[in-house]
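To keep things clear, I will list the structure first and then write my remarks on it.
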Amino acid sequence: MYDEKCLQNIGGNIRFLRMACQIGQQELAEHIGISQTHMSNLECNRVKVSLKLLLRIANVLDCKIDQLLDSRAALEWVNVKRAPEPQQQEYTLEEVRQLLELLRVTSK
């Protein structure tokens with residue numbers, strides 16, 4: 001469940017996720033239609049963030065609103081995002097020929 005304490009962490013979570021995405025403060029501000037100063041104030045919790053801005057930020061950062069509200073969810077999201085993608089298996093020419101031969105035999 002959420003309580004008012006999570007509201008105190010929104011600015012820090014925004015900053016954390018923005019930095020994890022390697023997006024500058026000015027760039028994020030431009031994408032969501034606010035000034036860099038206002039973005040700074042949001043991240044430092046000097047102003048309240050509207051639901052409209054939370055939606056815009058979540059869309060730009062490609063995260064869920066939960067991750068903006070909950071520090072643990074933000075950390076988990078960053079860990080998943082930073083996890084190396086599985087390497088795509090490369091096949092030799094001979095393996096491709098064998099696969100094609102198998103497909104040809106089974107399709108008859």
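Here, A, B, ... name the chains of the structure tokens in the order displayed, residue numbers run from 1 inside each chain, and ligands are numbered from 1 in the same displayed order.
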Can you check which residues of chain A DSSP gives as alpha helix (DSSP H) on the backbone and send them as a PyMOL selection string?
-> chain A and resi 5-20+25-32+36-43+51-61+65-69+71-82+93-106
Test item: residues at most 9 Å from region 75-82 of chain A, only C-alpha atoms, excluding those fewer than 2 positions along its chain, as a PyMOL selection string | chain A and resi 13+16-17+20-21+63+67+70-73+84-85
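Here the question is which of A:Arg97, A:Lys64, A:Arg56, A:Lys5 gets nearest to Ile34 (chain A) using only C-alpha atoms, and that residue is A:Arg56.
For Leu54 (chain A), the list of residues within 8 Å, based on only C-alpha atoms and with local chain neighbours fewer than 5 positions off taken out, reads Val49, Ile65 and Leu68 of chain A.
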Those selected residues, please, written with N, CA and C atoms and delivered as a JSON list (two decimals), in the first residue's frame.
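As a result, part-v3.json now contains:
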```
[["chain", "number", "residue", "atom", "x", "y", "z"],
["A", 49, "VAL", "N", 4.32, 17.41, -7.65],
["A", 49, "VAL", "CA", 4.22, 16.95, -9.04],
["A", 49, "VAL", "C", 2.78, 16.53, -9.31],
["A", 65, "ILE", "N", 4.30, 4.13, -13.33],
["A", 65, "ILE", "CA", 4.15, 5.13, -12.28],
["A", 65, "ILE", "C", 4.57, 4.55, -10.94],
["A", 68, "LEU", "N", 7.97, 5.35, -10.06],
["A", 68, "LEU", "CA", 8.20, 6.74, -9.66],
["A", 68, "LEU", "C", 7.79, 6.97, -8.20]]
```
Write out as a short mmCIF file (atom, residue, chain, number, x, y, z; two decimals) with C-alpha atoms, in the first residue's frame which residues come within 10 Å of Gln25 (chain A) when counting only C-alpha atoms, dropping same-chain ones fewer than 5 positions away.
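Okay, around_6.cif is ready:
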```cif
data_model
loop_
_atom_site.label_atom_id
_atom_site.label_comp_id
_atom_site.auth_asym_id
_atom_site.auth_seq_id
_atom_site.Cartn_x
_atom_site.Cartn_y
_atom_site.Cartn_z
CA ARG A 15 16.14 11.81 -10.60
CA ARG A 18 16.36 9.76 -15.23
CA MET A 19 20.03 9.26 -14.50
CA GLU A 30 11.80 19.52 -22.70
CA SER A 35 11.38 24.29 -17.73
CA GLN A 36 14.66 22.87 -16.46
CA THR A 37 14.19 24.94 -13.29
CA HIS A 38 10.81 23.34 -12.65
CA MET A 39 12.34 19.92 -13.30
CA SER A 40 15.03 20.66 -10.72
CA GLU A 43 13.54 16.39 -8.26
#
```
Of the listed residues A:Cys6, A:Thr92, A:Asn59, A:Ile14, that which approaches Ile32 (chain A) most closely, counting only C-alpha atoms | A:Asn59
Students should find that CA of Ala29 (chain A) and CA of Ala74 (chain A) are spaced 19.5 Å
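With only C-alpha atoms as the basis for measurement, A:Asn9 is the residue among A:Gln89, A:Gly24, A:His31, A:Asn9 that approaches Arg46 (chain A) most closely.
Going from CA of Glu4 (chain A) to CA of Leu42 (chain A) covers 16.3 Å.
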